[in-house]
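Participant: Below is the file start04.tsv, with TSV, C-alpha atoms.
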```
chain	number	residue	atom	x	y	z
I	446	MET	CA	-100.59	57.92	-57.56
I	447	LYS	CA	-98.99	61.39	-57.52
I	448	GLU	CA	-98.13	60.83	-53.86
I	449	GLU	CA	-96.43	57.55	-54.69
I	450	SER	CA	-94.35	58.89	-57.56
I	451	ARG	CA	-93.05	61.84	-55.55
I	452	LYS	CA	-91.97	59.38	-52.86
I	453	ASP	CA	-90.21	57.28	-55.50
I	454	GLU	CA	-88.49	60.40	-56.77
I	455	ILE	CA	-87.20	61.13	-53.27
I	456	ILE	CA	-85.95	57.58	-52.91
I	457	ASN	CA	-84.20	57.61	-56.28
I	458	THR	CA	-82.60	61.00	-55.69
I	459	ALA	CA	-81.43	59.88	-52.26
I	460	ALA	CA	-79.96	56.64	-53.64
I	461	LYS	CA	-77.95	58.64	-56.17
I	462	LEU	CA	-76.65	61.00	-53.48
I	463	PHE	CA	-75.84	58.12	-51.12
I	464	LYS	CA	-73.76	56.59	-53.88
I	465	GLU	CA	-71.90	59.82	-54.60
I	466	LYS	CA	-71.25	61.02	-51.04
I	467	GLY	CA	-71.95	58.09	-48.73
I	468	TYR	CA	-75.07	57.77	-46.55
I	469	SER	CA	-73.60	59.54	-43.51
I	470	ALA	CA	-72.61	62.63	-45.45
I	471	VAL	CA	-76.04	63.19	-47.05
I	472	THR	CA	-78.65	65.32	-45.28
I	473	MET	CA	-82.38	65.62	-45.89
I	474	ARG	CA	-81.56	69.16	-46.99
I	475	ASP	CA	-79.17	67.81	-49.67
I	476	ILE	CA	-81.94	65.58	-50.98
I	477	ALA	CA	-84.40	68.49	-51.08
I	478	THR	CA	-81.84	70.73	-52.82
I	479	ALA	CA	-81.13	68.08	-55.45
I	480	MET	CA	-84.88	67.91	-56.12
I	481	GLY	CA	-85.30	71.68	-56.15
I	482	ILE	CA	-87.81	71.64	-53.30
I	483	LYS	CA	-87.80	72.79	-49.67
I	484	ALA	CA	-86.54	70.38	-47.01
I	485	ALA	CA	-89.84	70.74	-45.15
I	486	SER	CA	-91.77	69.38	-48.15
I	487	LEU	CA	-89.81	66.13	-47.99
I	488	TYR	CA	-91.46	65.35	-44.69
I	489	ASN	CA	-94.89	65.27	-46.32
I	490	HIS	CA	-93.73	62.15	-48.10
I	491	ILE	CA	-91.19	60.45	-45.90
I	492	SER	CA	-90.30	60.72	-42.23
I	493	SER	CA	-86.51	60.49	-42.18
I	494	LYS	CA	-83.31	59.62	-44.00
I	495	GLN	CA	-83.47	56.28	-42.18
I	496	GLU	CA	-86.89	55.56	-43.70
I	497	ILE	CA	-85.48	56.30	-47.16
I	498	LEU	CA	-82.61	53.88	-46.55
I	499	LYS	CA	-85.05	51.24	-45.37
I	500	GLU	CA	-87.24	51.69	-48.46
I	501	ILE	CA	-84.21	51.31	-50.76
I	502	ILE	CA	-82.56	48.34	-49.10
I	503	ILE	CA	-85.42	46.23	-47.78
I	504	SER	CA	-87.37	46.30	-51.02
I	505	LEU	CA	-84.31	45.13	-52.96
I	506	ALA	CA	-83.49	42.46	-50.38
I	507	GLU	CA	-87.07	41.20	-50.62
I	508	GLU	CA	-86.85	41.09	-54.42
I	509	PHE	CA	-83.78	38.86	-54.13
I	510	THR	CA	-85.54	36.70	-51.57
I	511	GLN	CA	-88.55	36.22	-53.83
I	512	GLY	CA	-86.33	35.43	-56.82
I	513	MET	CA	-84.43	32.84	-54.79
I	514	GLU	CA	-87.70	31.29	-53.54
I	515	PHE	CA	-88.79	30.79	-57.13
I	516	ILE	CA	-85.44	29.31	-58.21
I	517	LYS	CA	-85.23	27.06	-55.18
I	518	SER	CA	-88.67	25.54	-55.71
I	519	SER	CA	-88.12	24.98	-59.44
I	520	ASN	CA	-87.18	21.69	-61.08
I	521	PHE	CA	-84.06	23.09	-62.75
I	522	SER	CA	-80.72	21.29	-62.50
I	523	SER	CA	-78.18	22.83	-60.10
I	524	ILE	CA	-76.31	24.47	-62.98
I	525	GLU	CA	-79.58	25.86	-64.37
I	526	LYS	CA	-80.42	27.23	-60.93
I	527	LEU	CA	-77.06	29.02	-60.81
I	528	LYS	CA	-77.71	30.51	-64.23
I	529	LYS	CA	-81.09	31.76	-63.00
I	530	ILE	CA	-79.36	33.37	-60.00
I	531	VAL	CA	-76.97	35.17	-62.37
I	532	SER	CA	-79.96	36.43	-64.38
I	533	LEU	CA	-81.73	37.51	-61.20
I	534	HIS	CA	-78.78	39.68	-60.15
I	535	ILE	CA	-78.37	41.20	-63.60
I	536	SER	CA	-82.08	41.93	-63.86
I	537	ILE	CA	-82.47	43.58	-60.45
I	538	THR	CA	-79.16	45.46	-60.70
I	539	SER	CA	-79.70	46.81	-64.20
I	540	GLN	CA	-83.06	48.22	-63.11
I	541	ASN	CA	-81.68	50.00	-60.07
I	542	THR	CA	-77.92	50.54	-59.99
I	543	TYR	CA	-78.09	53.36	-57.41
I	544	GLY	CA	-80.27	51.30	-55.10
I	545	MET	CA	-77.85	48.38	-55.43
I	546	ALA	CA	-74.93	50.66	-54.57
I	547	SER	CA	-76.80	51.67	-51.44
I	548	LEU	CA	-77.62	48.06	-50.59
I	549	ASN	CA	-73.94	47.19	-50.86
I	550	ASN	CA	-72.42	50.21	-49.18
I	551	ASP	CA	-75.00	51.47	-46.71
I	552	TRP	CA	-76.73	48.40	-45.24
I	553	MET	CA	-74.77	48.83	-41.99
I	554	HIS	CA	-76.49	52.17	-41.43
I	555	LEU	CA	-79.89	50.48	-41.10
I	556	GLU	CA	-81.22	50.81	-37.58
I	557	GLU	CA	-84.46	48.99	-36.61
I	558	GLN	CA	-84.45	47.04	-39.87
I	559	LEU	CA	-80.86	45.80	-39.57
I	560	PRO	CA	-81.69	42.41	-38.03
I	561	TYR	CA	-84.38	41.78	-40.66
I	562	TYR	CA	-81.97	42.71	-43.47
I	563	LEU	CA	-79.25	40.47	-42.02
I	564	LYS	CA	-81.74	37.60	-41.78
I	565	LEU	CA	-82.74	37.99	-45.44
I	566	ARG	CA	-79.11	38.14	-46.51
I	567	SER	CA	-78.13	35.14	-44.48
I	568	ASN	CA	-81.10	33.12	-45.78
I	569	TYR	CA	-80.18	34.06	-49.34
I	570	GLU	CA	-76.60	32.91	-48.85
I	571	ASN	CA	-77.84	29.67	-47.28
I	572	GLU	CA	-80.08	28.86	-50.23
I	573	PHE	CA	-77.22	29.63	-52.60
I	574	ARG	CA	-74.95	27.32	-50.56
I	575	LYS	CA	-77.59	24.56	-50.64
I	576	ILE	CA	-77.76	24.72	-54.43
I	577	LEU	CA	-73.97	24.32	-54.65
I	578	LYS	CA	-73.96	21.42	-52.19
I	579	GLU	CA	-76.83	19.71	-53.97
I	580	GLY	CA	-74.94	20.12	-57.26
I	581	ILE	CA	-71.85	18.49	-55.78
I	582	LYS	CA	-73.96	15.63	-54.45
I	583	LYS	CA	-75.58	15.13	-57.84
I	584	ASN	CA	-72.18	15.28	-59.52
I	585	GLU	CA	-73.11	18.39	-61.51
I	586	ILE	CA	-70.68	20.69	-59.71
I	587	ALA	CA	-66.97	20.14	-58.99
I	588	ASN	CA	-66.16	19.01	-55.49
I	589	SER	CA	-64.22	22.18	-54.60
I	590	ASP	CA	-64.46	24.27	-51.44
I	591	VAL	CA	-68.14	25.36	-51.24
I	592	GLU	CA	-67.35	28.54	-49.32
I	593	VAL	CA	-64.77	29.64	-51.89
I	594	MET	CA	-67.23	28.97	-54.73
I	595	LEU	CA	-70.00	30.85	-52.92
I	596	PHE	CA	-67.74	33.79	-52.12
I	597	SER	CA	-66.40	34.00	-55.65
I	598	MET	CA	-69.80	33.93	-57.36
I	599	LEU	CA	-71.49	36.25	-54.87
I	600	SER	CA	-68.66	38.79	-54.93
I	601	THR	CA	-68.95	39.06	-58.68
I	602	LEU	CA	-72.75	39.27	-58.63
I	603	ARG	CA	-72.70	41.86	-55.84
I	604	SER	CA	-70.26	44.00	-57.82
I	605	LEU	CA	-72.50	44.21	-60.88
I	606	TYR	CA	-73.78	47.64	-59.80
I	607	ILE	CA	-70.28	49.06	-60.26
I	608	TRP	CA	-69.83	47.51	-63.63
I	609	ILE	CA	-73.12	47.32	-65.47
I	610	PRO	CA	-72.90	50.13	-67.98
I	611	LYS	CA	-75.63	52.66	-67.58
I	612	LYS	CA	-76.08	52.58	-71.35
I	613	GLU	CA	-79.62	51.91	-72.41
I	614	ASP	CA	-78.35	49.35	-74.89
I	615	LEU	CA	-77.26	46.92	-72.18
I	616	ASN	CA	-78.12	43.46	-73.45
I	617	SER	CA	-79.04	41.71	-70.21
I	618	GLU	CA	-79.48	38.34	-71.84
I	619	GLU	CA	-76.09	38.41	-73.52
I	620	LEU	CA	-74.39	39.56	-70.32
I	621	SER	CA	-76.22	36.88	-68.38
I	622	ASN	CA	-75.01	34.18	-70.80
I	623	ASN	CA	-71.42	35.45	-70.83
I	624	LEU	CA	-71.19	35.87	-67.09
I	625	SER	CA	-72.81	32.49	-66.39
I	626	HIS	CA	-70.27	30.93	-68.73
I	627	VAL	CA	-67.30	32.54	-66.96
I	628	LEU	CA	-68.61	31.78	-63.47
I	629	ILE	CA	-69.53	28.18	-64.25
I	630	ASN	CA	-66.86	27.13	-66.75
I	631	GLY	CA	-64.05	29.43	-65.67
I	632	ILE	CA	-61.66	30.97	-68.14
I	633	ASN	CA	-59.57	27.93	-68.87
I	634	LYS	CA	-59.26	26.76	-72.44
G	739	MET	CA	-38.33	54.82	-35.24
G	740	LYS	CA	-40.71	55.81	-32.46
G	741	GLU	CA	-42.01	58.62	-34.67
G	742	GLU	CA	-42.67	56.18	-37.49
G	743	SER	CA	-44.53	53.63	-35.41
G	744	ARG	CA	-46.84	56.27	-33.90
G	745	LYS	CA	-47.69	57.42	-37.42
G	746	ASP	CA	-48.44	53.80	-38.39
G	747	GLU	CA	-50.65	53.48	-35.34
G	748	ILE	CA	-52.62	56.56	-36.40
G	749	ILE	CA	-53.01	55.17	-39.92
G	750	ASN	CA	-54.15	51.76	-38.69
G	751	THR	CA	-56.60	53.22	-36.18
G	752	ALA	CA	-58.00	55.52	-38.86
G	753	ALA	CA	-58.40	52.68	-41.37
G	754	LYS	CA	-60.40	50.72	-38.79
G	755	LEU	CA	-62.65	53.72	-38.06
G	756	PHE	CA	-63.10	54.48	-41.77
G	757	LYS	CA	-64.28	50.92	-42.26
G	758	GLU	CA	-66.73	51.10	-39.36
G	759	LYS	CA	-68.21	54.56	-39.95
G	760	GLY	CA	-67.20	55.61	-43.44
G	761	TYR	CA	-64.48	58.18	-44.20
G	762	SER	CA	-66.80	61.22	-44.17
G	763	ALA	CA	-68.19	60.46	-40.73
G	764	VAL	CA	-64.79	60.10	-39.02
G	765	THR	CA	-63.09	63.16	-37.51
G	766	MET	CA	-59.48	63.66	-36.40
G	767	ARG	CA	-60.97	63.88	-32.90
G	768	ASP	CA	-62.50	60.38	-33.30
G	769	ILE	CA	-59.11	59.02	-34.27
G	770	ALA	CA	-57.44	60.68	-31.29
G	771	THR	CA	-60.17	59.39	-28.93
G	772	ALA	CA	-59.77	55.85	-30.26
G	773	MET	CA	-56.05	56.09	-29.53
G	774	GLY	CA	-56.55	57.65	-26.11
G	775	ILE	CA	-54.59	60.80	-26.99
G	776	LYS	CA	-55.46	64.46	-27.57
G	777	ALA	CA	-56.47	65.56	-31.05
G	778	ALA	CA	-53.70	68.16	-31.02
G	779	SER	CA	-51.05	65.45	-30.64
G	780	LEU	CA	-52.17	63.82	-33.88
G	781	TYR	CA	-50.93	66.85	-35.77
G	782	ASN	CA	-47.36	66.22	-34.60
G	783	HIS	CA	-47.43	63.14	-36.78
G	784	ILE	CA	-49.81	63.78	-39.64
G	785	SER	CA	-51.31	66.94	-41.12
G	786	SER	CA	-54.88	65.94	-41.93
G	787	LYS	CA	-57.45	63.21	-42.40
G	788	GLN	CA	-56.78	63.55	-46.11
G	789	GLU	CA	-53.09	62.76	-45.58
G	790	ILE	CA	-54.06	59.64	-43.64
G	791	LEU	CA	-56.31	58.52	-46.48
G	792	LYS	CA	-53.53	59.14	-48.97
G	793	GLU	CA	-51.06	57.11	-46.88
G	794	ILE	CA	-53.49	54.18	-46.70
G	795	ILE	CA	-54.61	54.08	-50.30
G	796	ILE	CA	-51.57	55.13	-52.31
G	797	SER	CA	-49.21	52.77	-50.53
G	798	LEU	CA	-51.56	49.83	-51.20
G	799	ALA	CA	-52.11	50.86	-54.81
G	800	GLU	CA	-48.32	51.04	-55.27
G	801	GLU	CA	-47.90	47.57	-53.76
G	802	PHE	CA	-50.35	46.20	-56.33
G	803	THR	CA	-48.53	48.07	-59.09
G	804	GLN	CA	-45.17	46.62	-58.06
G	805	GLY	CA	-46.64	43.11	-57.81
G	806	MET	CA	-48.13	43.42	-61.28
G	807	GLU	CA	-44.83	44.75	-62.68
G	808	PHE	CA	-43.09	41.64	-61.39
G	809	ILE	CA	-45.75	39.27	-62.75
G	810	LYS	CA	-45.87	41.02	-66.11
G	811	SER	CA	-42.14	40.83	-66.68
G	812	SER	CA	-41.93	37.15	-65.66
G	813	ASN	CA	-41.75	34.17	-67.99
G	814	PHE	CA	-44.82	32.47	-66.50
G	815	SER	CA	-47.61	31.17	-68.73
G	816	SER	CA	-50.79	33.26	-68.81
G	817	ILE	CA	-52.52	30.88	-66.40
G	818	GLU	CA	-49.53	31.02	-64.05
G	819	LYS	CA	-49.61	34.81	-64.20
G	820	LEU	CA	-53.27	34.78	-63.20
G	821	LYS	CA	-52.48	32.49	-60.28
G	822	LYS	CA	-49.76	34.92	-59.19
G	823	ILE	CA	-52.29	37.76	-59.32
G	824	VAL	CA	-54.64	35.77	-57.07
G	825	SER	CA	-51.77	35.23	-54.61
G	826	LEU	CA	-50.85	38.91	-54.75
G	827	HIS	CA	-54.38	39.97	-53.77
G	828	ILE	CA	-54.59	37.40	-50.97
G	829	SER	CA	-51.19	38.37	-49.62
G	830	ILE	CA	-51.76	42.14	-49.59
G	831	THR	CA	-55.35	41.83	-48.34
G	832	SER	CA	-54.61	39.39	-45.53
G	833	GLN	CA	-51.91	41.73	-44.22
G	834	ASN	CA	-54.14	44.80	-44.19
G	835	THR	CA	-57.89	44.15	-44.34
G	836	TYR	CA	-58.84	47.58	-42.94
G	837	GLY	CA	-56.60	49.33	-45.43
G	838	MET	CA	-58.14	47.31	-48.25
G	839	ALA	CA	-61.63	48.25	-47.05
G	840	SER	CA	-60.58	51.88	-47.22
G	841	LEU	CA	-59.05	51.43	-50.67
G	842	ASN	CA	-62.32	49.93	-51.89
G	843	ASN	CA	-64.77	52.25	-50.19
G	844	ASP	CA	-62.99	55.57	-49.74
G	845	TRP	CA	-60.82	56.09	-52.83
G	846	MET	CA	-63.31	58.63	-54.17
G	847	HIS	CA	-62.57	60.88	-51.18
G	848	LEU	CA	-58.97	61.35	-52.29
G	849	GLU	CA	-58.33	64.93	-53.34
G	850	GLU	CA	-54.95	65.85	-54.89
G	851	GLN	CA	-53.95	62.21	-55.18
G	852	LEU	CA	-57.13	61.10	-56.96
G	853	PRO	CA	-55.76	61.36	-60.52
G	854	TYR	CA	-52.62	59.43	-59.51
G	855	TYR	CA	-54.70	56.71	-57.85
G	856	LEU	CA	-56.97	56.44	-60.89
G	857	LYS	CA	-53.93	56.15	-63.14
G	858	LEU	CA	-52.48	53.32	-61.05
G	859	ARG	CA	-55.84	51.52	-61.02
G	860	SER	CA	-56.37	51.91	-64.72
G	861	ASN	CA	-52.80	50.70	-65.48
G	862	TYR	CA	-53.37	47.69	-63.24
G	863	GLU	CA	-56.58	46.79	-65.05
G	864	ASN	CA	-54.84	47.22	-68.39
G	865	GLU	CA	-52.02	44.86	-67.47
G	866	PHE	CA	-54.59	42.32	-66.21
G	867	ARG	CA	-56.50	42.67	-69.49
G	868	LYS	CA	-53.28	42.17	-71.50
G	869	ILE	CA	-52.56	38.92	-69.68
G	870	LEU	CA	-56.04	37.64	-70.53
G	871	LYS	CA	-55.72	38.68	-74.18
G	872	GLU	CA	-52.28	37.14	-74.45
G	873	GLY	CA	-53.66	33.91	-72.96
G	874	ILE	CA	-56.45	33.82	-75.54
G	875	LYS	CA	-53.94	34.41	-78.32
G	876	LYS	CA	-51.71	31.61	-77.05
G	877	ASN	CA	-54.74	29.34	-76.72
G	878	GLU	CA	-54.31	29.01	-72.94
G	879	ILE	CA	-57.49	30.89	-72.06
G	880	ALA	CA	-60.99	30.40	-73.45
G	881	ASN	CA	-62.06	32.86	-76.11
G	882	SER	CA	-64.83	34.41	-73.97
G	883	ASP	CA	-65.63	38.08	-73.47
G	884	VAL	CA	-62.42	39.60	-72.02
G	885	GLU	CA	-64.26	42.36	-70.15
G	886	VAL	CA	-66.58	39.85	-68.46
G	887	MET	CA	-63.63	37.69	-67.42
G	888	LEU	CA	-61.73	40.72	-66.12
G	889	PHE	CA	-64.75	42.02	-64.22
G	890	SER	CA	-65.52	38.65	-62.72
G	891	MET	CA	-61.99	37.95	-61.48
G	892	LEU	CA	-61.33	41.48	-60.25
G	893	SER	CA	-64.67	41.72	-58.42
G	894	THR	CA	-63.85	38.58	-56.50
G	895	LEU	CA	-60.29	39.65	-55.73
G	896	ARG	CA	-61.41	43.13	-54.68
G	897	SER	CA	-63.97	41.61	-52.28
G	898	LEU	CA	-61.39	39.54	-50.41
G	899	TYR	CA	-61.19	42.16	-47.65
G	900	ILE	CA	-64.81	41.44	-46.74
G	901	TRP	CA	-64.33	37.76	-46.73
G	902	ILE	CA	-60.84	36.85	-45.56
G	903	PRO	CA	-61.37	35.69	-42.01
G	904	LYS	CA	-59.50	37.76	-39.50
G	905	LYS	CA	-58.42	34.52	-37.86
G	906	GLU	CA	-54.70	34.16	-37.46
G	907	ASP	CA	-54.89	30.63	-38.83
G	908	LEU	CA	-55.74	31.77	-42.34
G	909	ASN	CA	-53.85	29.51	-44.70
G	910	SER	CA	-53.05	31.92	-47.52
G	911	GLU	CA	-51.53	29.27	-49.72
G	912	GLU	CA	-54.53	26.96	-49.47
G	913	LEU	CA	-56.95	29.83	-50.11
G	914	SER	CA	-54.84	30.94	-53.05
G	915	ASN	CA	-54.94	27.45	-54.58
G	916	ASN	CA	-58.68	27.02	-54.01
G	917	LEU	CA	-59.60	30.44	-55.30
G	918	SER	CA	-57.33	30.13	-58.34
G	919	HIS	CA	-58.97	26.83	-59.12
G	920	VAL	CA	-62.50	28.27	-58.92
G	921	LEU	CA	-61.61	31.41	-60.91
G	922	ILE	CA	-59.72	29.53	-63.61
G	923	ASN	CA	-61.62	26.24	-63.88
G	924	GLY	CA	-65.03	27.40	-62.75
G	925	ILE	CA	-67.31	25.22	-60.70
G	926	ASN	CA	-68.43	22.87	-63.41
G	927	LYS	CA	-67.88	19.17	-62.94
```
Could you render the structure from this file as structure tokens?

Facilitator:
Amino acid sequence: MKEESRKDEIINTAAKLFKEKGYSAVTMRDIATAMGIKAASLYNHISSKQEILKEIIISLAEEFTQGMEFIKSSNFSSIEKLKKIVSLHISITSQNTYGMASLNNDWMHLEEQLPYYLKLRSNYENEFRKILKEGIKKNEIANSDVEVMLFSMLSTLRSLYIWIPKKEDLNSEELSNNLSHVLINGINK
Amino acid sequence: MKEESRKDEIINTAAKLFKEKGYSAVTMRDIATAMGIKAASLYNHISSKQEILKEIIISLAEEFTQGMEFIKSSNFSSIEKLKKIVSLHISITSQNTYGMASLNNDWMHLEEQLPYYLKLRSNYENEFRKILKEGIKKNEIANSDVEVMLFSMLSTLRSLYIWIPKKEDLNSEELSNNLSHVLINGINK
């Protein structure tokens, strides 16, 4: 257990530094310094900066994949499915804003895991697109340009890490309701 | 004139490299290599990587400021003003996707110009917020959470650089209409 939590501490410290300075500019030494330990000790827990990046990004991408699997196989209406997607993003992002910053800004620095990450992302977007198309078919969703709708919703959801206040009093449910309302009903009177 | 266009070439090459590798990872030597010239020649045109970043970001931020000034002082309805903002983002972004990537990803690397940039950004957000509040007051815009509406619209508009296809056949007007429709009316049937 101690082993695991030290590794988590490395990953969390790294995610914070990646956000502040960008992945390329951060060294293993920087991570060690921020933790007040020697660089050599890092290597008892993790083999490289690349492994840290992989741990941050792939675990988040898999969380999104699992969430989407659940939503997809549910019996919700298309609009309900979209609301669940909004909640999924708010829930994952509010629990790990630094990790989400890294996912958004540093994914292109993945090496071996890049194709796997791209596959997960592309599958996620495809499932999202299917929900929109199904909603149009069932007359639940306006017959607008699917790609514009997908882009607009995803851009907002992917930007939550910038915006979600780090306050502990964030009310995820309220935010989820408000954001779902704006994304689904727009801002028109 | 020749002087000016070489400087523009440096700025455009740098913006492309910043997007690909991140600002921190790019050197003046990289920029020179990408242009097929010697690093020393760069300094005849521009004093530092920081000056390049300033040229990219501040000029874009000022374009947005001017666009907002025009929209703000117009007699359009609140909804029309929002549509003009959507057009403004599409127009500036489609003309300079690399620059917009740099604006979004590298602004925090500004040094002397950082406070000025932050002032422009904050003013822009304030004017946007005022338009939403005015619209609610005039009963043109739904009485939802202003910050959620602002975040949602701005996140989408700020992500256009990722999404706008680099195809030359981009129909800005059509995209502007479609995106305005989704942002204002939502996706609900």

Participant: Between G:Ile874, G:Ala880, G:Ile809, G:Ala772, which residue has the minimum interatomic distance to chain I, considering all atoms listed in the file?

Facilitator: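 For chain I, the nearest of the candidates is G:Ala880.
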
Participant: Give me, please, the distance in Å between atom CA of Trp901 of chain G and atom CA of Ser840 of chain G, quoted to one decimal.

Facilitator: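 Between atom CA of Trp901 of chain G and atom CA of Ser840 of chain G the gap is 14.6 Å.
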
Participant: Based on all atoms listed in the file, which of the residues in chain G come within 7 Å of chain I? I want them as a list in words.

Facilitator: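 Residues of chain G within 7 Å of chain I, counting all atoms listed in the file: Ser762, Ala763, Asn877, Glu878, Ile879, Ala880, Asp883, Val886, Met887, Ser890, Ser893, Thr894, Ser897, Asn916, Leu917, Val920, Leu921, Ile922, Asn923, Gly924, Ile925, Asn926 and Lys927 of chain G.
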
Participant: Can I get the selection written as a PDB file, keeping the file's coordinate frame, with C-alpha atoms?

Facilitator:
```
ATOM      1  CA  SER G 762     -66.800  61.220 -44.170  1.00  0.00           C
ATOM      2  CA  ALA G 763     -68.190  60.460 -40.730  1.00  0.00           C
ATOM      3  CA  ASN G 877     -54.740  29.340 -76.720  1.00  0.00           C
ATOM      4  CA  GLU G 878     -54.310  29.010 -72.940  1.00  0.00           C
ATOM      5  CA  ILE G 879     -57.490  30.890 -72.060  1.00  0.00           C
ATOM      6  CA  ALA G 880     -60.990  30.400 -73.450  1.00  0.00           C
ATOM      7  CA  ASP G 883     -65.630  38.080 -73.470  1.00  0.00           C
ATOM      8  CA  VAL G 886     -66.580  39.850 -68.460  1.00  0.00           C
ATOM      9  CA  MET G 887     -63.630  37.690 -67.420  1.00  0.00           C
ATOM     10  CA  SER G 890     -65.520  38.650 -62.720  1.00  0.00           C
ATOM     11  CA  SER G 893     -64.670  41.720 -58.420  1.00  0.00           C
ATOM     12  CA  THR G 894     -63.850  38.580 -56.500  1.00  0.00           C
ATOM     13  CA  SER G 897     -63.970  41.610 -52.280  1.00  0.00           C
ATOM     14  CA  ASN G 916     -58.680  27.020 -54.010  1.00  0.00           C
ATOM     15  CA  LEU G 917     -59.600  30.440 -55.300  1.00  0.00           C
ATOM     16  CA  VAL G 920     -62.500  28.270 -58.920  1.00  0.00           C
ATOM     17  CA  LEU G 921     -61.610  31.410 -60.910  1.00  0.00           C
ATOM     18  CA  ILE G 922     -59.720  29.530 -63.610  1.00  0.00           C
ATOM     19  CA  ASN G 923     -61.620  26.240 -63.880  1.00  0.00           C
ATOM     20  CA  GLY G 924     -65.030  27.400 -62.750  1.00  0.00           C
ATOM     21  CA  ILE G 925     -67.310  25.220 -60.700  1.00  0.00           C
ATOM     22  CA  ASN G 926     -68.430  22.870 -63.410  1.00  0.00           C
ATOM     23  CA  LYS G 927     -67.880  19.170 -62.940  1.00  0.00           C
TER      24      LYS G 927
END
```

Participant: Would you compute the distance between atom CA of Glu818 of chain G and atom CA of Ile830 of chain G? Give it in Å to one decimal.

Facilitator: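 Value for the atom CA of Glu818 of chain G-atom CA of Ile830 of chain G distance: 18.4 Å.
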
Participant: Hey, what's within 12 Å of Gln511 of chain I if we count all atoms listed in the file and toss same-chain stuff fewer than 6 positions away? As a list in words, please?

Facilitator: Ser504, Leu505, Lys517, Ser518, Ile530, Leu533, Ile537, Leu565, Asn568, Tyr569 and Glu572 of chain I

Participant: Would you compute the distance between atom CA of Pro853 of chain G and atom CA of Ile476 of chain I? Give it in Å to one decimal.

Facilitator: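 These two atoms are separated by 28.2 Å.
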
Participant: Padding 3 Å on every side, please: axis-aligned box over the listed atoms of segment 832-839 of chain G, centre and edge lengths to one decimal in Å, as AutoDock Vina command-line options.

Facilitator:
```
--center_x -56.8 --center_y 44.4 --center_z -45.6 --size_x 15.7 --size_y 15.9 --size_z 11.3
```

Participant: For segment 483-561 of chain I versus segment 451-454 of chain I, which residues have an atom no more than 12 Å away, and what is each residue's nearest atom pair and distance in Å rounded to one decimal, using all atoms listed in the file, chain-then-number order, as CSV?

Facilitator:
```
residue,atom,partner,partner_atom,distance
I:Ser486,CA,I:Arg451,CA,10.6
I:Leu487,CA,I:Lys452,CA,8.6
I:Tyr488,CA,I:Lys452,CA,10.1
I:Asn489,CA,I:Lys452,CA,9.3
I:His490,CA,I:Lys452,CA,5.8
I:Ile491,CA,I:Lys452,CA,7.1
I:Ser492,CA,I:Lys452,CA,10.8
I:Glu496,CA,I:Lys452,CA,11.1
I:Ile497,CA,I:Lys452,CA,9.2
I:Glu500,CA,I:Asp453,CA,9.5
I:Ile501,CA,I:Asp453,CA,9.7
I:Gly544,CA,I:Asp453,CA,11.6
```

Participant: From the options I:Asn549, I:Ile535, I:Tyr562, I:Phe515, which residue's atoms come nearest to Lys499 of chain I, counting only C-alpha atoms?

Facilitator: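 Result for the nearest residue to Lys499 of chain I: I:Tyr562.
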
Participant: Any idea what's packed within 7 Å of segment 540-543 of chain I, counting all atoms listed in the file, ignoring anything in its chain fewer than 2 positions away? Could you give it as a list in words?

Facilitator: Ala460, Lys461, Lys464, Ser536, Ile537, Thr538, Met545, Ala546, Ser547 and Tyr606 of chain I
